[in-house]
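Below is data32.pdb, which holds PDB, C-alpha atoms.
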MODEL        1
ATOM      1  CA  MET J 877      -5.520  -4.804 -30.085
ATOM      2  CA  ARG J 878      -3.727  -2.583 -27.619
ATOM      3  CA  PRO J 879      -4.007   1.145 -28.405
ATOM      4  CA  ARG J 880      -0.883   3.080 -29.268
ATOM      5  CA  SER J 881      -1.620   5.820 -26.725
ATOM      6  CA  ASP J 882      -0.355   5.530 -23.169
ATOM      7  CA  TRP J 883      -3.474   6.875 -21.421
ATOM      8  CA  PHE J 884      -7.164   7.265 -22.085
ATOM      9  CA  VAL J 885      -8.344  10.597 -20.668
ATOM     10  CA  VAL J 886     -11.907  11.464 -19.617
ATOM     11  CA  VAL J 887     -12.377  15.232 -19.248
ATOM     12  CA  ASN J 888     -15.411  16.562 -17.365
ATOM     13  CA  PRO J 889     -15.680  20.212 -18.504
ATOM     14  CA  ALA J 890     -18.353  21.056 -15.904
ATOM     15  CA  SER J 891     -16.285  19.891 -12.933
ATOM     16  CA  GLY J 892     -15.062  22.608 -10.592
ATOM     17  CA  SER J 893     -17.531  25.096 -12.105
ATOM     18  CA  GLY J 894     -15.663  24.976 -15.405
ATOM     19  CA  ARG J 895     -12.164  25.089 -13.926
ATOM     20  CA  SER J 896     -11.524  21.513 -14.993
ATOM     21  CA  LEU J 897     -11.600  22.261 -18.727
ATOM     22  CA  ARG J 898      -9.301  25.284 -18.330
ATOM     23  CA  SER J 899      -6.858  23.263 -16.229
ATOM     24  CA  TRP J 900      -6.982  20.395 -18.719
ATOM     25  CA  ARG J 901      -5.640  22.682 -21.456
ATOM     26  CA  ALA J 902      -2.559  23.376 -19.333
ATOM     27  CA  LEU J 903      -2.129  19.676 -18.515
ATOM     28  CA  GLU J 904      -2.620  18.730 -22.163
ATOM     29  CA  ALA J 905       0.260  21.027 -23.110
ATOM     30  CA  ALA J 906       2.441  19.660 -20.303
ATOM     31  CA  LEU J 907       1.800  16.081 -21.434
ATOM     32  CA  GLY J 908       2.954  17.089 -24.914
ATOM     33  CA  VAL J 909       6.154  18.528 -23.464
ATOM     34  CA  GLU J 910       6.736  15.261 -21.601
ATOM     35  CA  GLY J 911       6.107  13.257 -24.766
ATOM     36  CA  LEU J 912       3.271  11.233 -23.208
ATOM     37  CA  THR J 913       0.714   9.967 -25.708
ATOM     38  CA  PHE J 914      -2.972   9.933 -24.873
ATOM     39  CA  GLU J 915      -6.460   9.842 -26.301
ATOM     40  CA  ALA J 916      -8.972  12.214 -24.731
ATOM     41  CA  VAL J 917     -12.739  12.562 -24.706
ATOM     42  CA  VAL J 918     -14.738  15.482 -23.294
ATOM     43  CA  THR J 919     -17.998  14.492 -21.615
ATOM     44  CA  ARG J 920     -21.279  16.290 -22.201
ATOM     45  CA  HIS J 921     -23.719  14.639 -19.812
ATOM     46  CA  ALA J 922     -23.753  12.792 -16.503
ATOM     47  CA  GLY J 923     -22.811   9.177 -17.167
ATOM     48  CA  ASP J 924     -20.698   9.959 -20.249
ATOM     49  CA  GLY J 925     -17.502   9.327 -18.306
ATOM     50  CA  GLU J 926     -18.655   5.866 -17.316
ATOM     51  CA  ASP J 927     -19.616   4.951 -20.874
ATOM     52  CA  ALA J 928     -16.343   6.317 -22.247
ATOM     53  CA  ALA J 929     -14.264   4.348 -19.747
ATOM     54  CA  THR J 930     -16.105   1.128 -20.560
ATOM     55  CA  ALA J 931     -15.542   1.633 -24.291
ATOM     56  CA  ALA J 932     -11.852   2.440 -23.722
ATOM     57  CA  VAL J 933     -11.206  -0.710 -21.700
ATOM     58  CA  ARG J 934     -12.964  -2.790 -24.342
ATOM     59  CA  ARG J 935     -10.611  -1.289 -26.912
ATOM     60  CA  GLY J 936      -7.588  -2.333 -24.877
ATOM     61  CA  PHE J 937      -6.759   0.701 -22.740
ATOM     62  CA  ARG J 938      -5.606  -0.169 -19.242
ATOM     63  CA  ARG J 939      -4.490   3.279 -18.032
ATOM     64  CA  LEU J 940      -7.293   5.780 -17.468
ATOM     65  CA  LEU J 941      -7.099   9.388 -16.297
ATOM     66  CA  ALA J 942     -10.148  11.203 -14.928
ATOM     67  CA  VAL J 943      -9.895  14.980 -15.331
ATOM     68  CA  GLY J 944     -12.283  16.479 -12.797
ATOM     69  CA  GLY J 945     -13.315  15.756  -9.234
ATOM     70  CA  ASP J 946     -14.352  12.770  -7.174
ATOM     71  CA  GLY J 947     -17.545  12.326  -9.179
ATOM     72  CA  THR J 948     -15.632  12.078 -12.455
ATOM     73  CA  LEU J 949     -13.261   9.553 -10.879
ATOM     74  CA  HIS J 950     -16.277   7.587  -9.638
ATOM     75  CA  GLU J 951     -17.711   7.360 -13.159
ATOM     76  CA  VAL J 952     -14.403   6.285 -14.702
ATOM     77  CA  LEU J 953     -13.881   3.657 -11.997
ATOM     78  CA  ASN J 954     -17.314   2.119 -12.502
ATOM     79  CA  GLY J 955     -17.014   2.230 -16.278
ATOM     80  CA  ALA J 956     -13.607   0.552 -16.229
ATOM     81  CA  LEU J 957     -14.787  -2.224 -13.915
ATOM     82  CA  ALA J 958     -17.894  -2.931 -15.996
ATOM     83  CA  VAL J 959     -16.087  -4.904 -18.732
ATOM     84  CA  PRO J 960     -16.392  -8.670 -18.225
ATOM     85  CA  GLY J 961     -13.300 -10.792 -18.683
ATOM     86  CA  VAL J 962     -10.833  -8.009 -17.876
ATOM     87  CA  ASP J 963      -8.594  -8.548 -14.850
ATOM     88  CA  SER J 964      -9.149  -5.394 -12.792
ATOM     89  CA  ARG J 965      -5.620  -5.691 -11.399
ATOM     90  CA  GLU J 966      -4.328  -4.703 -14.843
ATOM     91  CA  LEU J 967      -6.151  -1.368 -14.649
ATOM     92  CA  VAL J 968      -4.356   1.820 -13.605
ATOM     93  CA  LEU J 969      -6.556   4.705 -12.477
ATOM     94  CA  ALA J 970      -5.416   8.302 -12.083
ATOM     95  CA  VAL J 971      -7.101  11.635 -11.458
ATOM     96  CA  ALA J 972      -6.241  15.197 -12.390
ATOM     97  CA  PRO J 973      -7.811  16.942  -9.361
ATOM     98  CA  PHE J 974      -9.512  19.892 -11.024
ATOM     99  CA  GLY J 975     -12.965  19.446  -9.445
ATOM    100  CA  THR J 976     -14.630  20.908  -6.377
ATOM    101  CA  GLY J 977     -13.819  18.465  -3.612
ATOM    102  CA  ASN J 978     -10.882  16.363  -4.850
ATOM    103  CA  ASP J 979     -10.917  14.328  -1.642
ATOM    104  CA  TRP J 980      -9.349  11.193  -3.113
ATOM    105  CA  ALA J 981      -6.503  13.158  -4.681
ATOM    106  CA  ARG J 982      -5.988  15.083  -1.439
ATOM    107  CA  GLY J 983      -5.453  11.865   0.460
ATOM    108  CA  ARG J 984      -3.041  10.531  -2.200
ATOM    109  CA  GLY J 985      -0.987  13.710  -2.540
ATOM    110  CA  VAL J 986      -1.756  14.118  -6.249
ATOM    111  CA  PRO J 987      -0.398  17.471  -7.495
ATOM    112  CA  ARG J 988      -2.713  19.991  -9.136
ATOM    113  CA  GLU J 989       0.051  21.846 -10.968
ATOM    114  CA  ALA J 990       0.082  20.756 -14.609
ATOM    115  CA  LEU J 991       3.793  20.058 -15.133
ATOM    116  CA  ALA J 992       4.187  18.199 -11.812
ATOM    117  CA  LEU J 993       1.201  15.998 -12.636
ATOM    118  CA  ALA J 994       2.425  15.404 -16.190
ATOM    119  CA  ARG J 995       5.778  14.231 -14.841
ATOM    120  CA  CYS J 996       4.025  11.912 -12.401
ATOM    121  CA  LEU J 997       1.978  10.434 -15.235
ATOM    122  CA  THR J 998       5.098  10.024 -17.348
ATOM    123  CA  ALA J 999       6.962   8.267 -14.531
ATOM    124  CA  GLY J1000       3.993   5.884 -14.319
ATOM    125  CA  ARG J1001       4.664   4.533 -10.828
ATOM    126  CA  THR J1002       1.650   2.704  -9.434
ATOM    127  CA  ALA J1003       0.419   1.323  -6.127
ATOM    128  CA  ARG J1004      -2.085  -1.404  -5.401
ATOM    129  CA  CYS J1005      -5.443  -0.086  -4.159
ATOM    130  CA  ASP J1006      -8.582  -1.556  -2.616
ATOM    131  CA  VAL J1007     -12.000  -0.792  -4.081
ATOM    132  CA  GLY J1008     -15.327  -0.783  -2.273
ATOM    133  CA  ILE J1009     -18.477  -2.320  -3.698
ATOM    134  CA  ILE J1010     -22.071  -1.536  -2.668
ATOM    135  CA  GLU J1011     -24.554  -4.341  -3.182
ATOM    136  CA  PHE J1012     -28.134  -3.110  -2.813
ATOM    137  CA  THR J1013     -30.092  -5.838  -1.091
ATOM    138  CA  GLY J1014     -33.590  -4.391  -1.236
ATOM    139  CA  THR J1015     -36.439  -5.691  -3.390
ATOM    140  CA  PRO J1016     -35.989  -5.186  -6.251
ATOM    141  CA  ALA J1017     -32.226  -4.946  -5.814
ATOM    142  CA  ALA J1018     -30.481  -2.144  -7.718
ATOM    143  CA  PRO J1019     -27.270  -2.731  -9.722
ATOM    144  CA  HIS J1020     -24.146  -2.664  -7.577
ATOM    145  CA  ARG J1021     -21.786   0.318  -7.532
ATOM    146  CA  HIS J1022     -18.069   0.590  -6.834
ATOM    147  CA  PHE J1023     -16.395   3.341  -4.860
ATOM    148  CA  ILE J1024     -12.775   4.277  -4.333
ATOM    149  CA  ASN J1025     -12.977   6.820  -1.525
ATOM    150  CA  VAL J1026     -16.014   6.906   0.779
ATOM    151  CA  ALA J1027     -19.594   5.614   0.742
ATOM    152  CA  GLY J1028     -22.311   5.970   3.331
ATOM    153  CA  ALA J1029     -25.664   7.289   4.450
ATOM    154  CA  GLY J1030     -26.993   9.980   6.728
ATOM    155  CA  ILE J1031     -26.959  13.754   6.739
ATOM    156  CA  ASP J1032     -24.231  14.040   4.078
ATOM    157  CA  ALA J1033     -26.104  11.912   1.558
ATOM    158  CA  GLU J1034     -29.368  13.767   2.203
ATOM    159  CA  VAL J1035     -27.672  17.122   1.599
ATOM    160  CA  LEU J1036     -26.080  15.858  -1.618
ATOM    161  CA  ALA J1037     -29.415  14.502  -2.848
ATOM    162  CA  ALA J1038     -31.024  17.918  -2.427
ATOM    163  CA  LEU J1039     -28.263  19.930  -4.093
ATOM    164  CA  PRO J1040     -28.813  21.681  -7.405
ATOM    165  CA  ARG J1041     -26.282  21.092 -10.164
ATOM    166  CA  GLY J1042     -24.208  24.027 -11.295
ATOM    167  CA  PRO J1043     -21.579  26.541 -10.172
ATOM    168  CA  ALA J1044     -23.162  27.198  -6.756
ATOM    169  CA  ARG J1045     -22.886  23.539  -5.711
ATOM    170  CA  ARG J1046     -19.972  24.017  -3.279
ATOM    171  CA  SER J1047     -21.479  26.958  -1.379
ATOM    172  CA  ALA J1048     -24.893  25.285  -1.492
ATOM    173  CA  TYR J1049     -23.397  22.181   0.127
ATOM    174  CA  LEU J1050     -22.055  24.106   3.127
ATOM    175  CA  LEU J1051     -25.346  25.954   3.532
ATOM    176  CA  GLY J1052     -27.222  22.657   3.174
ATOM    177  CA  VAL J1053     -25.209  21.056   5.967
ATOM    178  CA  LEU J1054     -25.974  23.944   8.328
ATOM    179  CA  ARG J1055     -29.684  23.792   7.496
ATOM    180  CA  ALA J1056     -29.756  20.018   7.849
ATOM    181  CA  LEU J1057     -28.236  20.150  11.323
ATOM    182  CA  TRP J1058     -31.428  21.946  12.348
ATOM    183  CA  SER J1059     -34.001  19.892  10.421
ATOM    184  CA  PHE J1060     -32.497  16.460   9.688
ATOM    185  CA  ARG J1061     -34.109  13.513  11.457
ATOM    186  CA  PRO J1062     -31.464  10.772  11.777
ATOM    187  CA  PRO J1063     -32.671   7.317  10.694
ATOM    188  CA  GLU J1064     -32.485   4.341  13.022
ATOM    189  CA  PHE J1065     -29.586   2.329  11.650
ATOM    190  CA  THR J1066     -28.805  -1.340  12.121
ATOM    191  CA  LEU J1067     -25.204  -2.109  11.215
ATOM    192  CA  HIS J1068     -23.671  -5.604  11.166
ATOM    193  CA  ALA J1069     -19.928  -6.195  10.854
ATOM    194  CA  ASP J1070     -17.792  -9.134  12.022
ATOM    195  CA  ALA J1071     -20.523 -10.582  14.263
ATOM    196  CA  ARG J1072     -20.973  -7.169  15.901
ATOM    197  CA  GLU J1073     -24.199  -5.178  15.738
ATOM    198  CA  GLU J1074     -24.696  -1.451  16.223
ATOM    199  CA  ARG J1075     -28.197  -0.024  16.510
ATOM    200  CA  GLY J1076     -29.526   3.477  16.957
ATOM    201  CA  ALA J1077     -30.105   6.859  15.382
ATOM    202  CA  ARG J1078     -27.049   8.124  13.513
ATOM    203  CA  LEU J1079     -26.238  11.403  11.809
ATOM    204  CA  VAL J1080     -23.689   9.605   9.645
ATOM    205  CA  ALA J1081     -22.801   5.991   8.887
ATOM    206  CA  LEU J1082     -20.016   5.583   6.374
ATOM    207  CA  ALA J1083     -17.391   3.184   5.064
ATOM    208  CA  ALA J1084     -14.101   4.797   4.105
ATOM    209  CA  ASN J1085     -11.253   3.687   1.882
ATOM    210  CA  GLY J1086      -9.746   7.189   1.965
ATOM    211  CA  ALA J1087      -9.218   9.657   4.791
ATOM    212  CA  TYR J1088     -11.082  12.669   3.346
ATOM    213  CA  CYS J1089     -14.648  13.361   2.245
ATOM    214  CA  GLY J1090     -17.016  16.315   1.888
ATOM    215  CA  ASN J1091     -14.364  18.676   0.474
ATOM    216  CA  GLY J1092     -11.595  18.157   2.985
ATOM    217  CA  MET J1093     -13.286  16.695   6.058
ATOM    218  CA  ARG J1094     -11.099  14.073   7.778
ATOM    219  CA  LEU J1095     -13.813  11.807   9.115
ATOM    220  CA  ALA J1096     -11.646   8.696   8.736
ATOM    221  CA  PRO J1097      -8.088   9.882   9.445
ATOM    222  CA  GLY J1098      -6.784   6.328   9.854
ATOM    223  CA  ALA J1099      -8.142   4.930   6.595
ATOM    224  CA  VAL J1100      -5.557   3.109   4.457
ATOM    225  CA  ALA J1101      -6.360   2.329   0.824
ATOM    226  CA  ASP J1102      -4.450  -0.952   0.604
ATOM    227  CA  ASP J1103      -5.091  -2.704   3.921
ATOM    228  CA  GLY J1104      -8.005  -4.852   2.718
ATOM    229  CA  LEU J1105     -10.409  -3.154   5.158
ATOM    230  CA  LEU J1106     -12.979  -0.372   5.227
ATOM    231  CA  ASP J1107     -12.923   2.156   8.057
ATOM    232  CA  ILE J1108     -16.449   2.382   9.492
ATOM    233  CA  VAL J1109     -17.386   5.709  11.090
ATOM    234  CA  THR J1110     -20.719   6.504  12.730
ATOM    235  CA  VAL J1111     -21.783   9.753  14.404
ATOM    236  CA  GLU J1112     -24.580   9.844  16.962
ATOM    237  CA  PRO J1113     -27.044  12.746  17.045
ATOM    238  CA  LEU J1114     -25.926  15.668  19.181
ATOM    239  CA  PRO J1115     -27.373  19.074  20.089
ATOM    240  CA  LEU J1116     -27.197  21.766  17.409
ATOM    241  CA  LEU J1117     -24.846  24.074  19.316
ATOM    242  CA  ALA J1118     -22.543  21.174  20.156
ATOM    243  CA  ALA J1119     -22.482  20.180  16.497
ATOM    244  CA  LEU J1120     -21.656  23.715  15.360
ATOM    245  CA  ARG J1121     -18.839  24.004  17.901
ATOM    246  CA  ARG J1122     -17.306  20.804  16.568
ATOM    247  CA  LEU J1123     -17.448  21.642  12.852
ATOM    248  CA  PRO J1124     -13.729  22.617  12.731
ATOM    249  CA  ARG J1125     -12.830  19.160  14.029
ATOM    250  CA  LEU J1126     -14.309  17.653  10.885
ATOM    251  CA  PHE J1127     -11.367  19.073   8.967
ATOM    252  CA  ASP J1128      -8.420  18.307  11.237
ATOM    253  CA  GLY J1129      -9.230  14.699  12.141
ATOM    254  CA  ARG J1130      -9.953  15.376  15.808
ATOM    255  CA  LEU J1131     -13.626  14.438  15.550
ATOM    256  CA  ALA J1132     -12.609  10.772  15.835
ATOM    257  CA  GLY J1133     -11.855  11.372  19.514
ATOM    258  CA  GLU J1134     -15.353  12.571  20.391
ATOM    259  CA  ARG J1135     -17.634  10.319  22.432
ATOM    260  CA  TRP J1136     -20.382  10.703  19.783
ATOM    261  CA  VAL J1137     -18.166   9.098  17.166
ATOM    262  CA  ARG J1138     -17.526   5.369  16.792
ATOM    263  CA  SER J1139     -14.853   3.886  14.547
ATOM    264  CA  SER J1140     -13.963   0.340  13.543
ATOM    265  CA  ARG J1141     -12.560  -1.633  10.613
ATOM    266  CA  THR J1142     -14.146  -4.445   8.669
ATOM    267  CA  ALA J1143     -14.133  -6.131   5.272
ATOM    268  CA  CYS J1144     -17.940  -6.178   5.030
ATOM    269  CA  LEU J1145     -20.707  -3.995   6.484
ATOM    270  CA  GLU J1146     -24.425  -4.766   6.348
ATOM    271  CA  MET J1147     -26.461  -1.544   6.563
ATOM    272  CA  ARG J1148     -30.189  -1.129   7.156
ATOM    273  CA  ALA J1149     -32.085   1.995   8.154
ATOM    274  CA  ASN J1150     -35.602   2.939   9.199
ATOM    275  CA  PRO J1151     -36.775   4.866   7.284
ATOM    276  CA  ALA J1152     -34.670   3.822   4.293
ATOM    277  CA  ALA J1153     -31.642   6.104   3.920
ATOM    278  CA  THR J1154     -30.083   7.566   0.796
ATOM    279  CA  ILE J1155     -26.586   6.239   0.040
ATOM    280  CA  GLU J1156     -23.820   8.259  -1.569
ATOM    281  CA  ALA J1157     -20.533   6.998  -2.997
ATOM    282  CA  ASP J1158     -17.636   9.336  -3.817
ATOM    283  CA  GLY J1159     -20.066  12.244  -3.543
ATOM    284  CA  GLN J1160     -22.635  10.726  -5.936
ATOM    285  CA  ILE J1161     -26.118   9.509  -4.996
ATOM    286  CA  VAL J1162     -26.241   5.811  -5.899
ATOM    287  CA  GLY J1163     -29.211   4.206  -4.098
ATOM    288  CA  THR J1164     -30.853   3.517  -0.750
ATOM    289  CA  THR J1165     -30.556   1.089   2.129
ATOM    290  CA  PRO J1166     -30.581  -1.826   2.735
ATOM    291  CA  ALA J1167     -27.141  -2.521   1.344
ATOM    292  CA  ARG J1168     -23.970  -4.505   1.820
ATOM    293  CA  LEU J1169     -20.663  -2.619   1.574
ATOM    294  CA  ARG J1170     -17.623  -4.831   0.921
ATOM    295  CA  VAL J1171     -13.972  -4.287   0.146
ATOM    296  CA  LEU J1172     -12.253  -5.798  -2.869
ATOM    297  CA  PRO J1173      -8.610  -6.000  -1.710
ATOM    298  CA  GLY J1174      -6.019  -4.781  -4.186
ATOM    299  CA  ALA J1175      -8.608  -4.676  -6.961
ATOM    300  CA  ILE J1176      -6.879  -2.025  -9.077
ATOM    301  CA  GLN J1177      -3.710   0.018  -9.382
ATOM    302  CA  VAL J1178      -3.609   3.781  -8.860
ATOM    303  CA  LEU J1179      -1.060   6.350  -9.927
ATOM    304  CA  ASP J1180       1.553   6.846  -7.204
ATOM    305  CA  CYS J1181       2.793  10.442  -7.049
ATOM    306  CA  ALA J1182       4.720  10.069  -3.785
ATOM    307  CA  PRO J1183       8.443  10.896  -4.072
ATOM    308  CA  PRO J1184      10.568   7.768  -4.608
ATOM    309  CA  ALA J1185      11.989   6.369  -1.371
TER     310      ALA J1185
ENDMDL
END
Represent the structure contained in this file as structure tokens.
Amino acid sequence: MRPRSDWFVVVNPASGSGRSLRSWRALEAALGVEGLTFEAVVTRHAGDGEDAATAAVRRGFRRLLAVGGDGTLHEVLNGALAVPGVDSRELVLAVAPFGTGNDWARGRGVPREALALARCLTAGRTARCDVGIIEFTGTPAAPHRHFINVAGAGIDAEVLAALPRGPARRSAYLLGVLRALWSFRPPEFTLHADAREERGARLVALAANGAYCGNGMRLAPGAVADDGLLDIVTVEPLPLLAALRRLPRLFDGRLAGERWVRSSRTACLEMRANPAATIEADGQIVGTTPARLRVLPGAIQVLDCAPPA
């Protein structure tokens, strides 16, 4: 049976160093003002959001709201897509961007102000959206993972893997990147896409469905979430001082013009690395190479907060 509530809400109280829960209270009140019905669950452990989303879809919910950051959205996405027999194109995914990075919401123009977001949810306009899938091809192969924003390997994934959990995560990430630029040894990647092969040491090798990652970095400024393609971005190793001088370009999209950076588009990327490289998806560590990263065109719907044309 279909539930009577409009939305199923997954609240991550730890996201944004606790800001998410405080912001949810304001959004909860705004949803009441708008007359939108919902059922909410507050997570307690990593993975709770995924389990809650799976249970909600099994019960008949098709509209799911992740209250938190990119990691919370990642859990809800994977939980929603884990139910066999459900047409993913019926699912509507939304995020209340109260986390640390909020890169997916940044690229979609999702408001953070409670009343504006509540009105967007009430209007219920949606847009078709691609989803990425990572198929781990090693032996033994790990379960696949979906991603909605960005997935890849290299210095970013290594920094994320080493981060402690807790309130200092954001500042620790920036410090970790600076330290890694000095000590990180880029793996030798082999990348296959559309009968093309790219080989060599790379600081970063990623597949993007969204333009932003790493808390506002525009590594894939041309990425479009409904074009049926992933934007592939690789960055060659460069001297430390040169890397430090170019850090601001990570945030304004100009890094794509550097000769160390290569960009292309494909529907499927085969990725190997020597030594094996850690893979992250939507800011979460999910496995290691080798892997196949594919796009699932128009797999879901997402909340569309853009002003009506």
Residues matched by the PyMOL selection byres ((chain J and resi 938) around 7), written as number ranges by chain: J: 933, 936-937, 939-940, 966-968
Residues returned when the PyMOL selection byres ((chain J and resi 1014) around 8) runs on this file, as a ChimeraX atom specification: /J:1012-1013,1015-1018,1165-1167
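Across J:Val885, J:Cys996, J:Val1162, J:Ala922, the tightest approach to Pro1019 of chain J is made by J:Val1162 when counting all atoms listed in the file.
Take the candidates J:Ala932, J:Ala1152, J:Val959, J:Ala1143 and check each one against Ala1071 of chain J using only C-alpha atoms; the shortest distance goes to J:Ala1143.
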Between J:Phe974, J:Phe914, J:Trp980, J:Trp900, single out the one closest to Ala1099 of chain J, counting all atoms listed in the file. J:Trp980
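Among the candidates J:Ile1108, J:Ala1084, J:Gln1160, J:Ala1096, the residue lying nearest to Gly923 of chain J is J:Gln1160 (atoms considered: all atoms listed in the file).
Residue nearest Ala958 of chain J within the list J:Arg934, J:Leu1095, J:Ala1118, J:Glu910: J:Arg934 [criterion: smallest interatomic distance, only C-alpha atoms].
Of the listed residues (J:Ser964, J:Arg995, J:Leu1131, J:Ala931), J:Arg995 comes nearest to Val909 of chain J; the distances count only C-alpha atoms.
When atom CA of Gly977 of chain J is paired with atom CA of Ile1010 of chain J, their separation reads 21.7 Å.
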Take atom CA of Leu1082 of chain J and atom CA of Val952 of chain J and report the distance between them in Å, one decimal. 21.8 Å
Just so the selection is clear, what residues does the PyMOL selection byres ((chain J and resi 965) around 12) cover here, as an MDAnalysis selection string? chainID J and resid 938:939 956:957 961:964 966:969 1002:1007 1172:1178
What's the separation between atom CA of Ala994 of chain J and atom CA of Asp882 of chain J, in Å to one decimal place? 12.4 Å
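Look at segment 1030-1034 of chain J: the protein and nucleic acid residues within 9 Å of it, using only C-alpha atoms and passing over chain neighbours fewer than 2 places away, are Gly1028, Leu1036, Ala1037, Ala1038, Leu1039, Val1053, Ala1056, Leu1057, Phe1060, Arg1061, Pro1062, Pro1063, Arg1078, Leu1079, Val1080, Ala1081, Leu1082, Gly1090, Ala1153, Thr1154, Ile1155, Glu1156, Ala1157, Gly1159, Gln1160 and Ile1161 of chain J.
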Adding 5 Å on each side of the box along x, y and z that holds all listed atoms of segment 965-982 of chain J, could you give its centre and edge lengths in Å to one decimal, as lines of an AutoDock Vina configuration file?
center_x = -9.5
center_y = 7.6
center_z = -8.1
size_x = 20.3
size_y = 36.6
size_z = 23.4
Near-Thr1066 of chain J list (9 Å; all atoms listed in the file; drop same-chain fewer than 5 positions) as a ChimeraX atom specification: /J:1073-1077,1146-1150
